[in-house]
$ cat my_file32.txt   # compact mmCIF, C-alpha atoms and all ligand atoms
# COMPACT_ATOMS: atom_id res chain seq x y z
CA MET A 1497 27.83 -43.83 37.18
CA LYS A 1498 27.80 -40.42 38.86
CA LYS A 1499 28.64 -38.74 35.54
CA GLY A 1500 25.71 -40.54 33.84
CA PHE A 1501 23.32 -39.39 36.62
CA VAL A 1502 24.41 -35.76 36.24
CA TYR A 1503 23.91 -36.02 32.46
CA ILE A 1504 20.36 -37.37 32.84
CA VAL A 1505 19.51 -34.63 35.37
CA PHE A 1506 20.94 -32.02 32.92
CA ILE A 1507 18.78 -33.38 30.09
CA LEU A 1508 15.69 -33.38 32.33
CA ILE A 1509 16.35 -29.81 33.48
CA SER A 1510 16.95 -28.54 29.94
CA PHE A 1511 13.83 -30.33 28.69
CA SER A 1512 11.71 -28.83 31.43
CA CYS A 1513 13.27 -25.37 30.82
CA SER A 1514 12.60 -25.49 27.10
CA ASN A 1515 9.06 -26.64 27.87
CA GLN A 1516 8.68 -23.72 30.24
CA LYS A 1517 10.00 -21.41 27.51
CA GLN A 1518 7.45 -22.80 25.08
CA ASN A 1519 4.67 -22.25 27.62
CA LEU A 1520 5.96 -18.81 28.38
CA LYS A 1521 6.09 -17.93 24.69
CA HIS A 1522 2.54 -19.16 24.25
CA LYS A 1523 1.37 -17.31 27.34
CA ASN A 1524 3.12 -14.17 26.09
CA ARG A 1525 1.26 -14.15 22.78
CA GLU A 1526 -2.05 -14.24 24.62
CA ASP A 1527 -0.92 -11.43 26.89
CA LYS A 1528 0.44 -9.37 24.07
CA PRO A 1529 -1.26 -6.12 23.08
CA TYR A 1530 -4.26 -5.87 20.83
CA VAL A 1531 -4.89 -3.22 18.18
CA VAL A 1532 -8.46 -2.50 17.12
CA MET A 1533 -8.70 0.12 14.37
CA LEU A 1534 -11.91 1.72 13.17
CA SER A 1535 -12.25 3.84 10.04
CA MET A 1536 -15.32 6.02 9.70
CA ASP A 1537 -15.32 6.99 6.03
CA GLY A 1538 -14.99 10.69 5.22
CA PHE A 1539 -14.74 11.84 8.87
CA ARG A 1540 -13.21 15.26 8.35
CA TRP A 1541 -10.57 16.37 10.86
CA ASP A 1542 -12.68 19.24 12.21
CA TYR A 1543 -16.10 17.56 12.54
CA PRO A 1544 -15.54 17.25 16.31
CA GLU A 1545 -15.22 21.04 16.42
CA LYS A 1546 -18.47 21.50 14.47
CA ALA A 1547 -20.58 18.89 16.25
CA ASN A 1548 -21.12 17.64 19.78
CA THR A 1549 -18.79 14.64 20.21
CA PRO A 1550 -18.41 13.90 23.94
CA ASN A 1551 -17.01 10.42 23.37
CA LEU A 1552 -14.26 11.49 20.99
CA ASP A 1553 -13.55 14.41 23.33
CA TYR A 1554 -13.16 11.93 26.19
CA ILE A 1555 -10.70 9.88 24.12
CA GLU A 1556 -8.78 13.07 23.35
CA LYS A 1557 -8.43 13.65 27.11
CA THR A 1558 -7.53 10.08 28.02
CA GLY A 1559 -5.52 9.12 24.94
CA VAL A 1560 -4.04 10.74 21.86
CA ARG A 1561 -5.48 13.05 19.24
CA ALA A 1562 -3.48 14.08 16.18
CA ASP A 1563 -4.26 17.45 14.59
CA ALA A 1564 -5.18 15.48 11.47
CA CYS A 1565 -4.58 12.33 9.51
CA ILE A 1566 -3.37 13.40 6.07
CA PRO A 1567 -4.54 11.14 3.26
CA CYS A 1568 -2.58 10.16 0.17
CA PHE A 1569 -3.37 11.67 -3.21
CA PRO A 1570 -5.91 11.11 -4.71
CA THR A 1571 -8.00 11.61 -1.58
CA LYS A 1572 -10.46 8.83 -2.43
CA THR A 1573 -11.71 5.88 -0.39
CA PHE A 1574 -10.04 2.81 -1.89
CA PRO A 1575 -6.56 4.28 -2.49
CA ASN A 1576 -6.51 5.56 1.09
CA HIS A 1577 -7.89 2.60 3.00
CA TYR A 1578 -5.39 0.46 1.20
CA SER A 1579 -2.59 2.95 2.02
CA ILE A 1580 -3.53 2.79 5.70
CA ALA A 1581 -3.43 -1.02 5.47
CA THR A 1582 -0.16 -1.31 3.52
CA GLY A 1583 1.82 1.78 4.57
CA LEU A 1584 2.38 2.43 0.84
CA TYR A 1585 1.52 5.30 -1.50
CA PRO A 1586 -1.14 4.41 -4.09
CA ASP A 1587 1.59 4.43 -6.77
CA HIS A 1588 3.20 1.52 -4.94
CA HIS A 1589 0.15 -0.48 -3.82
CA GLY A 1590 -1.64 -0.33 -7.18
CA ILE A 1591 -5.06 1.07 -6.21
CA VAL A 1592 -4.49 4.45 -7.85
CA HIS A 1593 -8.18 5.49 -8.06
CA ASN A 1594 -11.58 4.13 -7.10
CA SER A 1595 -11.91 3.13 -10.75
CA PHE A 1596 -9.19 2.76 -13.38
CA TYR A 1597 -7.85 0.70 -16.23
CA ALA A 1598 -4.76 -1.35 -15.32
CA PRO A 1599 -2.67 -1.82 -18.48
CA ASP A 1600 -0.24 -4.20 -16.71
CA ILE A 1601 -2.99 -6.82 -16.36
CA ASP A 1602 -5.36 -5.50 -19.03
CA LYS A 1603 -8.29 -5.24 -16.59
CA TYR A 1604 -10.64 -2.54 -15.30
CA TYR A 1605 -10.95 -1.86 -11.58
CA SER A 1606 -14.03 -0.35 -10.00
CA ILE A 1607 -15.15 -0.31 -6.37
CA SER A 1608 -18.66 -1.26 -7.46
CA ASN A 1609 -17.46 -4.36 -9.34
CA ILE A 1610 -17.13 -7.19 -6.83
CA GLU A 1611 -15.13 -9.30 -9.30
CA ALA A 1612 -12.50 -6.55 -9.56
CA VAL A 1613 -12.51 -5.77 -5.84
CA THR A 1614 -11.81 -9.44 -5.03
CA ASP A 1615 -9.20 -9.90 -7.80
CA SER A 1616 -5.78 -10.11 -6.13
CA SER A 1617 -3.93 -9.13 -9.30
CA PHE A 1618 -4.88 -5.47 -8.72
CA TYR A 1619 -3.34 -5.29 -5.25
CA PHE A 1620 0.36 -4.88 -4.49
CA GLY A 1621 2.12 -4.55 -1.15
CA GLU A 1622 1.46 -6.34 2.09
CA PRO A 1623 -1.53 -5.22 4.16
CA VAL A 1624 -0.80 -5.18 7.87
CA TRP A 1625 -3.15 -8.12 8.55
CA LEU A 1626 -0.94 -10.24 6.29
CA THR A 1627 2.22 -8.98 8.04
CA ALA A 1628 0.55 -10.04 11.30
CA GLU A 1629 -0.65 -13.45 10.10
CA LYS A 1630 2.81 -14.24 8.66
CA GLN A 1631 4.30 -13.61 12.10
CA GLY A 1632 1.77 -15.74 13.97
CA VAL A 1633 -0.63 -12.96 15.00
CA LYS A 1634 -4.30 -13.61 14.21
CA SER A 1635 -6.12 -10.80 12.46
CA ALA A 1636 -9.71 -9.90 11.59
CA SER A 1637 -11.33 -7.47 9.18
CA TYR A 1638 -14.91 -6.27 9.22
CA PHE A 1639 -15.09 -4.70 5.73
CA TRP A 1640 -11.64 -3.11 5.48
CA VAL A 1641 -10.80 -2.34 1.85
CA GLY A 1642 -8.54 -5.01 0.37
CA SER A 1643 -9.40 -7.77 2.84
CA GLU A 1644 -11.80 -9.51 0.48
CA THR A 1645 -8.95 -10.76 -1.63
CA THR A 1646 -6.03 -13.05 -0.81
CA HIS A 1647 -2.51 -11.76 -0.59
CA ASP A 1648 0.06 -14.54 -0.96
CA GLY A 1649 -2.92 -16.92 -0.56
CA ILE A 1650 -3.69 -15.57 2.93
CA PHE A 1651 -6.83 -13.85 4.25
CA PRO A 1652 -7.26 -12.35 7.71
CA SER A 1653 -8.21 -15.24 10.06
CA TYR A 1654 -11.69 -13.69 10.27
CA HIS A 1655 -13.28 -11.54 7.60
CA TYR A 1656 -16.58 -10.79 5.87
CA ALA A 1657 -17.55 -9.91 2.32
CA TYR A 1658 -18.55 -6.24 2.15
CA ASN A 1659 -22.24 -5.63 2.72
CA SER A 1660 -23.28 -2.04 3.34
CA SER A 1661 -26.67 -3.12 4.74
CA VAL A 1662 -25.12 -4.64 7.89
CA SER A 1663 -25.97 -2.16 10.64
CA PHE A 1664 -23.17 -0.36 12.45
CA GLU A 1665 -24.42 -1.83 15.75
CA GLU A 1666 -24.07 -5.33 14.31
CA ARG A 1667 -20.51 -4.52 13.29
CA ILE A 1668 -19.72 -3.42 16.86
CA ASN A 1669 -21.14 -6.71 18.16
CA GLY A 1670 -19.06 -8.64 15.62
CA VAL A 1671 -15.85 -6.90 16.71
CA ILE A 1672 -16.61 -7.36 20.42
CA ASN A 1673 -17.44 -11.03 19.83
CA TRP A 1674 -14.05 -11.54 18.21
CA LEU A 1675 -12.50 -10.01 21.31
CA LYS A 1676 -14.50 -12.46 23.47
CA LEU A 1677 -13.18 -15.55 21.68
CA PRO A 1678 -11.04 -17.97 23.70
CA ALA A 1679 -7.51 -16.56 23.95
CA LYS A 1680 -6.04 -19.01 21.45
CA ASP A 1681 -8.57 -18.04 18.75
CA ARG A 1682 -8.77 -14.32 19.51
CA PRO A 1683 -7.44 -11.92 16.87
CA HIS A 1684 -4.86 -9.39 18.12
CA LEU A 1685 -5.40 -7.11 15.16
CA ILE A 1686 -8.93 -6.05 14.17
CA MET A 1687 -9.72 -3.53 11.44
CA TRP A 1688 -13.28 -2.43 10.88
CA TYR A 1689 -15.12 0.04 8.73
CA ILE A 1690 -18.22 2.27 8.69
CA GLU A 1691 -19.26 4.08 5.47
CA GLU A 1692 -20.49 7.20 7.27
CA PRO A 1693 -20.28 10.18 7.50
CA ASP A 1694 -19.01 9.98 3.89
CA SER A 1695 -22.40 9.17 2.46
CA LYS A 1696 -24.19 12.02 4.25
CA GLY A 1697 -21.30 14.36 3.46
CA HIS A 1698 -21.72 13.64 -0.27
CA ASP A 1699 -25.49 14.13 -0.14
CA VAL A 1700 -25.71 17.41 1.73
CA GLY A 1701 -22.16 18.69 2.26
CA PRO A 1702 -19.85 18.80 5.28
CA ASN A 1703 -21.48 21.79 6.96
CA HIS A 1704 -25.09 20.66 6.77
CA PRO A 1705 -26.91 19.87 10.06
CA GLU A 1706 -27.74 16.36 8.75
CA THR A 1707 -24.04 15.58 8.36
CA LEU A 1708 -23.33 16.93 11.82
CA ASN A 1709 -26.22 14.85 13.21
CA MET A 1710 -24.63 11.80 11.61
CA VAL A 1711 -21.31 12.74 13.23
CA GLU A 1712 -23.08 12.89 16.60
CA TYR A 1713 -24.71 9.49 16.04
CA LEU A 1714 -21.31 8.01 15.13
CA ASP A 1715 -19.84 9.55 18.26
CA SER A 1716 -22.53 7.81 20.31
CA LEU A 1717 -21.52 4.51 18.66
CA VAL A 1718 -17.91 5.21 19.64
CA GLY A 1719 -19.20 5.60 23.21
CA ILE A 1720 -20.98 2.21 23.07
CA PHE A 1721 -17.92 0.58 21.56
CA TYR A 1722 -15.67 2.13 24.22
CA ALA A 1723 -17.93 0.91 27.05
CA GLN A 1724 -18.01 -2.63 25.65
CA ILE A 1725 -14.22 -2.72 25.30
CA ARG A 1726 -13.91 -1.59 28.92
CA GLU A 1727 -16.05 -4.53 30.09
CA LEU A 1728 -13.69 -7.12 28.60
CA PRO A 1729 -11.41 -8.89 31.10
CA HIS A 1730 -8.37 -8.11 28.95
CA SER A 1731 -9.39 -4.51 28.18
CA ASP A 1732 -6.11 -3.27 29.68
CA SER A 1733 -4.24 -4.83 26.76
CA ILE A 1734 -6.45 -3.34 24.04
CA ASN A 1735 -5.32 -0.35 21.98
CA VAL A 1736 -7.90 1.41 19.86
CA ILE A 1737 -7.24 3.66 16.85
CA ILE A 1738 -10.07 5.68 15.33
CA THR A 1739 -9.31 7.30 12.02
CA SER A 1740 -10.62 7.93 8.52
CA ASP A 1741 -9.59 7.88 4.88
CA HIS A 1742 -10.16 11.56 3.93
CA GLY A 1743 -12.33 14.60 4.65
CA MET A 1744 -15.05 16.31 2.62
CA SER A 1745 -15.38 19.61 0.76
CA GLU A 1746 -18.50 21.64 0.00
CA ILE A 1747 -19.40 21.69 -3.71
CA SER A 1748 -22.01 23.64 -5.64
CA LYS A 1749 -23.91 23.45 -8.94
CA ASP A 1750 -22.40 26.89 -9.60
CA ARG A 1751 -18.79 25.71 -9.45
CA VAL A 1752 -18.57 23.06 -12.17
CA VAL A 1753 -16.23 22.56 -15.12
CA PHE A 1754 -17.60 20.26 -17.84
CA LEU A 1755 -14.74 18.56 -19.67
CA GLU A 1756 -16.78 18.19 -22.86
CA ASP A 1757 -16.96 22.00 -23.14
CA PHE A 1758 -13.22 21.90 -23.87
CA ILE A 1759 -12.15 18.50 -25.16
CA LYS A 1760 -13.81 15.64 -27.04
CA LYS A 1761 -14.29 12.24 -25.45
CA ASP A 1762 -12.91 10.52 -28.55
CA TRP A 1763 -9.58 12.34 -28.18
CA CYS A 1764 -9.04 10.16 -25.11
CA LYS A 1765 -8.29 6.45 -24.71
CA TYR A 1766 -9.15 6.33 -21.02
CA ILE A 1767 -10.69 8.73 -18.53
CA ASP A 1768 -10.19 7.15 -15.09
CA GLY A 1769 -11.55 8.50 -11.81
CA ASP A 1770 -14.48 10.73 -11.00
CA ASN A 1771 -15.31 14.17 -9.63
CA PRO A 1772 -13.03 16.03 -8.79
CA ILE A 1773 -9.99 14.04 -10.04
CA TYR A 1774 -9.33 12.28 -13.32
CA SER A 1775 -6.46 10.53 -15.01
CA VAL A 1776 -6.62 10.79 -18.79
CA GLU A 1777 -4.84 8.80 -21.47
CA ALA A 1778 -4.79 10.77 -24.75
CA LYS A 1779 -4.87 9.31 -28.21
CA THR A 1780 -1.32 10.11 -29.36
CA GLU A 1781 -2.36 12.73 -31.92
CA TYR A 1782 -4.38 14.66 -29.29
CA TYR A 1783 -1.81 14.63 -26.48
CA ASP A 1784 -0.63 18.23 -27.07
CA THR A 1785 -4.11 19.55 -27.86
CA ILE A 1786 -5.62 18.22 -24.63
CA TYR A 1787 -2.77 19.62 -22.55
CA HIS A 1788 -2.81 23.05 -24.19
CA ILE A 1789 -6.55 23.44 -23.95
CA LEU A 1790 -7.01 22.20 -20.38
CA SER A 1791 -4.04 24.11 -19.01
CA LYS A 1792 -5.90 27.33 -19.85
CA VAL A 1793 -9.15 26.37 -18.11
CA ASP A 1794 -9.88 28.20 -14.86
CA HIS A 1795 -10.53 26.30 -11.59
CA ILE A 1796 -8.74 23.13 -12.64
CA THR A 1797 -5.11 22.00 -12.72
CA ILE A 1798 -3.69 19.65 -15.31
CA TRP A 1799 -0.33 17.94 -14.80
CA LYS A 1800 1.55 15.84 -17.29
CA LYS A 1801 2.25 12.53 -15.57
CA SER A 1802 5.97 13.38 -15.40
CA GLU A 1803 5.27 16.80 -13.89
CA ILE A 1804 3.05 15.88 -10.95
CA PRO A 1805 4.54 17.58 -7.86
CA GLU A 1806 6.84 15.24 -5.97
CA ARG A 1807 5.02 15.89 -2.68
CA LEU A 1808 2.01 13.98 -4.09
CA HIS A 1809 4.06 10.78 -4.59
CA TYR A 1810 1.89 10.02 -7.60
CA GLY A 1811 2.62 9.18 -11.22
CA SER A 1812 5.26 6.45 -11.18
CA SER A 1813 2.64 3.72 -11.57
CA GLU A 1814 1.82 2.66 -15.10
CA ARG A 1815 -1.82 2.73 -13.96
CA VAL A 1816 -1.64 6.55 -13.81
CA LYS A 1817 -2.33 7.87 -17.30
CA ASP A 1818 -0.80 10.74 -19.39
CA PHE A 1819 -2.48 13.57 -17.46
CA VAL A 1820 -3.87 14.09 -13.99
CA ILE A 1821 -6.64 16.70 -13.84
CA VAL A 1822 -7.91 17.94 -10.50
CA ALA A 1823 -10.39 20.66 -9.56
CA ASP A 1824 -9.59 23.58 -7.29
CA SER A 1825 -10.96 23.29 -3.77
CA SER A 1826 -14.78 23.09 -3.73
CA TRP A 1827 -15.00 22.96 -7.54
CA SER A 1828 -16.37 20.02 -9.50
CA ILE A 1829 -15.22 18.50 -12.77
CA LEU A 1830 -17.81 16.48 -14.67
CA LYS A 1831 -17.21 14.74 -17.96
CA SER A 1832 -20.38 15.91 -19.60
CA SER A 1833 -23.14 18.47 -19.09
CA SER A 1834 -25.66 15.64 -19.43
CA ARG A 1835 -24.40 14.54 -15.97
CA LYS A 1836 -26.38 16.36 -13.32
CA ALA A 1837 -24.28 18.82 -11.34
CA TYR A 1838 -24.83 18.35 -7.62
CA SER A 1839 -24.34 20.43 -4.58
CA GLY A 1840 -23.35 18.66 -1.39
CA GLY A 1841 -19.84 17.41 -0.91
CA THR A 1842 -16.98 15.54 -2.49
CA HIS A 1843 -13.33 14.59 -1.97
CA GLY A 1844 -10.39 13.57 -4.11
CA TYR A 1845 -8.64 16.98 -4.15
CA ASP A 1846 -4.97 17.73 -3.49
CA ASN A 1847 -4.07 16.33 -0.07
CA GLN A 1848 -2.66 19.73 0.97
CA ASN A 1849 -6.26 20.99 1.03
CA LYS A 1850 -7.25 20.91 4.71
CA ASP A 1851 -10.82 19.95 3.84
CA MET A 1852 -9.36 16.58 2.80
CA HIS A 1853 -7.77 15.89 6.17
CA ALA A 1854 -9.25 13.24 8.45
CA ILE A 1855 -9.41 12.46 12.18
CA PHE A 1856 -6.95 10.43 14.21
CA TYR A 1857 -7.60 9.35 17.81
CA ALA A 1858 -6.03 6.54 19.81
CA PHE A 1859 -6.15 5.17 23.33
CA GLY A 1860 -4.94 2.15 25.26
CA PRO A 1861 -1.84 1.01 27.13
CA ALA A 1862 0.57 1.82 24.27
CA PHE A 1863 -0.52 5.45 23.98
CA LYS A 1864 0.24 8.54 26.00
CA ILE A 1865 -2.58 10.11 27.99
CA GLY A 1866 -4.00 13.45 26.95
CA TYR A 1867 -1.38 13.85 24.22
CA LYS A 1868 -1.84 16.17 21.26
CA HIS A 1869 0.22 15.02 18.25
CA LYS A 1870 0.93 17.02 15.13
CA ALA A 1871 -0.80 15.88 11.92
CA ILE A 1872 0.30 12.44 10.74
CA ASN A 1873 0.37 10.89 7.27
CA ASN A 1874 -1.84 7.85 6.93
CA ILE A 1875 1.02 5.70 5.52
CA ASP A 1876 2.61 5.98 8.98
CA ILE A 1877 -0.23 4.04 10.66
CA ASN A 1878 0.99 0.65 9.38
CA PRO A 1879 4.38 0.81 11.19
CA LEU A 1880 2.64 2.18 14.29
CA ILE A 1881 0.41 -0.90 14.42
CA CYS A 1882 3.39 -3.20 13.84
CA LYS A 1883 5.31 -1.55 16.67
CA ILE A 1884 2.41 -2.03 19.10
CA LEU A 1885 1.87 -5.64 18.02
CA GLU A 1886 5.62 -6.32 18.29
CA ILE A 1887 5.92 -7.52 14.71
CA TYR A 1888 8.27 -6.49 11.90
CA PRO A 1889 6.73 -4.25 9.23
CA ALA A 1890 7.01 -5.18 5.55
CA LYS A 1891 8.91 -2.93 3.12
CA ILE A 1892 6.80 0.22 3.23
CA ASP A 1893 6.80 3.98 2.60
CA GLY A 1894 5.60 4.85 6.12
CA LYS A 1895 8.00 5.49 9.00
CA ILE A 1896 7.64 4.62 12.67
CA GLU A 1897 9.73 7.70 13.67
CA ASN A 1898 6.80 9.88 12.62
CA THR A 1899 4.48 8.56 15.33
CA THR A 1900 6.66 7.32 18.21
CA GLN A 1901 6.04 10.57 20.10
CA MET A 1902 2.47 9.47 20.75
CA LEU A 1903 3.55 6.20 22.34
CA GLN A 1904 4.29 5.62 26.02
CA ASP A 1905 8.02 5.71 26.62
CA LYS A 1906 8.19 1.96 27.40
CA ASN A 1907 7.27 1.19 23.77
P1 LIG A 2001 -16.05 7.16 -2.39
O1 LIG A 2001 -16.80 8.13 -1.55
O2 LIG A 2001 -16.58 7.12 -3.78
O3 LIG A 2001 -14.56 7.35 -2.38
O4 LIG A 2001 -16.32 5.71 -1.80
C1 LIG A 2001 -17.08 5.47 -0.65
C2 LIG A 2001 -17.94 4.26 -0.85
O5 LIG A 2001 -17.14 3.10 -0.94
C3 LIG A 2001 -18.83 4.01 0.35
O6 LIG A 2001 -20.11 4.56 0.15
C4 LIG A 2001 -18.89 2.51 0.47
O7 LIG A 2001 -20.19 2.02 0.24
C5 LIG A 2001 -17.97 2.01 -0.62
N1 LIG A 2001 -17.17 0.89 -0.10
C6 LIG A 2001 -16.40 0.87 1.00
N2 LIG A 2001 -15.81 -0.33 1.17
C7 LIG A 2001 -16.22 -1.09 0.14
C8 LIG A 2001 -15.94 -2.43 -0.25
N3 LIG A 2001 -15.12 -3.19 0.47
N4 LIG A 2001 -16.52 -2.87 -1.38
C9 LIG A 2001 -17.33 -2.06 -2.12
N5 LIG A 2001 -17.62 -0.80 -1.79
C10 LIG A 2001 -17.09 -0.31 -0.68
ZN ZN A 2002 -13.95 7.46 1.74
ZN ZN A 2003 -16.87 9.56 -0.54
$ encode --input "my_file32.txt" --output "structure tokens" --more "lines below"
Ligand code: AMP
Ligand code: ZN
Ligand code: ZN
Amino acid sequence: MKKGFVYIVFILISFSCSNQKQNLKHKNREDKPYVVMLSMDGFRWDYPEKANTPNLDYIEKTGVRADACIPCFPTKTFPNHYSIATGLYPDHHGIVHNSFYAPDIDKYYSISNIEAVTDSSFYFGEPVWLTAEKQGVKSASYFWVGSETTHDGIFPSYHYAYNSSVSFEERINGVINWLKLPAKDRPHLIMWYIEEPDSKGHDVGPNHPETLNMVEYLDSLVGIFYAQIRELPHSDSINVIITSDHGMSEISKDRVVFLEDFIKKDWCKYIDGDNPIYSVEAKTEYYDTIYHILSKVDHITIWKKSEIPERLHYGSSERVKDFVIVADSSWSILKSSSRKAYSGGTHGYDNQNKDMHAIFYAFGPAFKIGYKHKAINNIDINPLICKILEIYPAKIDGKIENTTQMLQDKN
């Protein structure tokens, strides 16, 4: 009789303990940290030194600033946003240019073709929102590259189809509203995107007052965003990362190489990419001719696919063609002289070129205060996010060791 009583009490205690554990686990998820990451396209690493950016300066004092965020090669928008998301080099995640032919699936990719952008067969690797969702962490994307397509049949819990006419203010409201959702619905990972100052930088160049005015306007938006985060009851759990996909280099009508002055279009099967970086597939009989001619042209570099420097981690993908041709810093390569040569700015150059480097700022409970970090590679952002969210990263190229110095010691 006594034995039976003890047994029942034991069962009751264990049941109530396991219930408590369940509750605790649930409570913990809600209390767990948040990561909100903003990318402002083409925000060159040194814009804050050229323009008046009191809000970014404040974050530098109260959080972390890295000397730069180094993009992957080629330093274009889609390859890099998807590298930030997946922690993979473009060779490994499949988006090797903004536009390219993919022989493995016999399809053309272009950022202006919505059918291609939403076609999951182009995208490899696991974006961090998928890593989060798979481990029970809700995620949201406001226009992050790659989030308009499913990966393993999964989207971020909240996401929108890209629409450049949505104002930046509306995007801030959207992000803040996600953070105001009831705890059980609230995403712990939010990634959002603004297409400036890239657009201005292309139009007038990185040193033009209009670009610097745009930088100042964006800084004021960062200030509004910061203030709204601070008003949230759980603001003490929110970590914010502000970064970008690449920088911007000044170009000129006087520094242009026209490919058609040297080679014929019908010697090539494919010419992927755009100014200042191309990937060219030669018709077999013209392979040697193209290489010999273009290797003698000033202000450009041509690499055979097998001879691309290892530091660029580029060329193992079958989507990269026979040759990669890239202009020297601040030079343009256009296919034909019928294409108007522009001044203003562009990007896509070698990622060693400092003009291509982007900003990196972060603040929140996970980050040190007033900490200056050396330049980071953008593939290392994925494991950093995973570490803060307490989730396991997928198999990636990035390494957490490269950013742990910026984290508070408790992390
Ligand atoms: P680029 O300067 O050519 O490397 O690309 C920048 C452009 O990409 C921006 O002007 C954006 O309008 C465009 N863009 C960014 N995200 C998307 C998206 N998800 N879908 C289509 N276009 C996009
Ligand atoms: Zn970009
Ligand atoms: Zn651009």
$ closest_residue --input "my_file32.txt" --among "A:Thr1646, A:Thr1842, A:Thr1900, A:Ser1833" --to "ligand ZN 2002 (chain A)" --atoms "all atoms listed in the file"
A:Thr1842
$ residues_around --input "my_file32.txt" --residues "Met1687 of chain A" --least-positions-apart "4" --cutoff "6 Å" --atoms "only C-alpha atoms" --output "JSON, numbers by chain"
{"A": [1532, 1533, 1534, 1637]}
$ write_last_selection --input "my_file32.txt" --atoms "C-alpha atoms" --output "PDB file, in the coordinates of the input"
ATOM      1  CA  VAL A1532      -8.460  -2.500  17.120  1.00  0.00           C
ATOM      2  CA  MET A1533      -8.700   0.120  14.370  1.00  0.00           C
ATOM      3  CA  LEU A1534     -11.910   1.720  13.170  1.00  0.00           C
ATOM      4  CA  SER A1637     -11.330  -7.470   9.180  1.00  0.00           C
TER       5      SER A1637
END
$ residues_around --input "my_file32.txt" --residues "segment 1735-1737 of chain A" --least-positions-apart "3" --cutoff "9 Å" --atoms "only C-alpha atoms" --output "PyMOL selection string"
chain A and resi 1529-1535+1722+1731-1732+1856-1863+1884
$ atom_distance --input "my_file32.txt" --atom1 "atom CA of Ser1828 of chain A" --atom2 "atom CA of Val1752 of chain A"
4.6 Å
$ residues_around --input "my_file32.txt" --residues "Ala1854 of chain A" --least-positions-apart "4" --cutoff "12 Å" --atoms "only C-alpha atoms" --output "PyMOL selection string"
chain A and resi 1535-1544+1561-1568+1571-1573+1576+1693-1694+1738-1745+1843+1847-1850+1871-1874
$ axis_aligned_box --input "my_file32.txt" --around "segment 1748-1766 of chain A" --padding-each-side "8 Å" --output "JSON"
{"center_x": -16.1, "center_y": 16.6, "center_z": -17.1, "size_x": 31.6, "size_y": 36.6, "size_z": 38.9}
$ atom_distance --input "my_file32.txt" --atom1 "atom CA of Ala1581 of chain A" --atom2 "atom CA of Asp1715 of chain A"
23.3 Å
$ atom_distance --input "my_file32.txt" --atom1 "atom CA of Ser1839 of chain A" --atom2 "atom CA of Glu1746 of chain A"
7.5 Å
$ closest_atom_pairs --input "my_file32.txt" --of "segment 1758-1798 of chain A" --to "segment 1814-1820 of chain A" --cutoff "12 Å" --atoms "only C-alpha atoms" --output "JSON lines"
{"residue": "A:Cys1764", "atom": "CA", "partner": "A:Asp1818", "partner_atom": "CA", "distance": 10.0}
{"residue": "A:Lys1765", "atom": "CA", "partner": "A:Lys1817", "partner_atom": "CA", "distance": 9.6}
{"residue": "A:Tyr1766", "atom": "CA", "partner": "A:Lys1817", "partner_atom": "CA", "distance": 7.9}
{"residue": "A:Ile1767", "atom": "CA", "partner": "A:Lys1817", "partner_atom": "CA", "distance": 8.5}
{"residue": "A:Asp1768", "atom": "CA", "partner": "A:Lys1817", "partner_atom": "CA", "distance": 8.2}
{"residue": "A:Gly1769", "atom": "CA", "partner": "A:Val1820", "partner_atom": "CA", "distance": 9.7}
{"residue": "A:Asp1770", "atom": "CA", "partner": "A:Val1820", "partner_atom": "CA", "distance": 11.5}
{"residue": "A:Pro1772", "atom": "CA", "partner": "A:Val1820", "partner_atom": "CA", "distance": 10.7}
{"residue": "A:Ile1773", "atom": "CA", "partner": "A:Val1820", "partner_atom": "CA", "distance": 7.3}
{"residue": "A:Tyr1774", "atom": "CA", "partner": "A:Val1820", "partner_atom": "CA", "distance": 5.8}
{"residue": "A:Ser1775", "atom": "CA", "partner": "A:Val1820", "partner_atom": "CA", "distance": 4.5}
{"residue": "A:Val1776", "atom": "CA", "partner": "A:Phe1819", "partner_atom": "CA", "distance": 5.2}
{"residue": "A:Glu1777", "atom": "CA", "partner": "A:Asp1818", "partner_atom": "CA", "distance": 4.9}
{"residue": "A:Ala1778", "atom": "CA", "partner": "A:Asp1818", "partner_atom": "CA", "distance": 6.7}
{"residue": "A:Lys1779", "atom": "CA", "partner": "A:Asp1818", "partner_atom": "CA", "distance": 9.8}
{"residue": "A:Thr1780", "atom": "CA", "partner": "A:Asp1818", "partner_atom": "CA", "distance": 10.0}
{"residue": "A:Tyr1782", "atom": "CA", "partner": "A:Asp1818", "partner_atom": "CA", "distance": 11.2}
{"residue": "A:Tyr1783", "atom": "CA", "partner": "A:Asp1818", "partner_atom": "CA", "distance": 8.1}
{"residue": "A:Asp1784", "atom": "CA", "partner": "A:Asp1818", "partner_atom": "CA", "distance": 10.7}
{"residue": "A:Ile1786", "atom": "CA", "partner": "A:Phe1819", "partner_atom": "CA", "distance": 9.1}
{"residue": "A:Tyr1787", "atom": "CA", "partner": "A:Phe1819", "partner_atom": "CA", "distance": 7.9}
{"residue": "A:His1788", "atom": "CA", "partner": "A:Phe1819", "partner_atom": "CA", "distance": 11.6}
{"residue": "A:Leu1790", "atom": "CA", "partner": "A:Phe1819", "partner_atom": "CA", "distance": 10.2}
{"residue": "A:Ser1791", "atom": "CA", "partner": "A:Phe1819", "partner_atom": "CA", "distance": 10.8}
{"residue": "A:Ile1796", "atom": "CA", "partner": "A:Val1820", "partner_atom": "CA", "distance": 10.4}
{"residue": "A:Thr1797", "atom": "CA", "partner": "A:Val1820", "partner_atom": "CA", "distance": 8.1}
{"residue": "A:Ile1798", "atom": "CA", "partner": "A:Val1820", "partner_atom": "CA", "distance": 5.7}
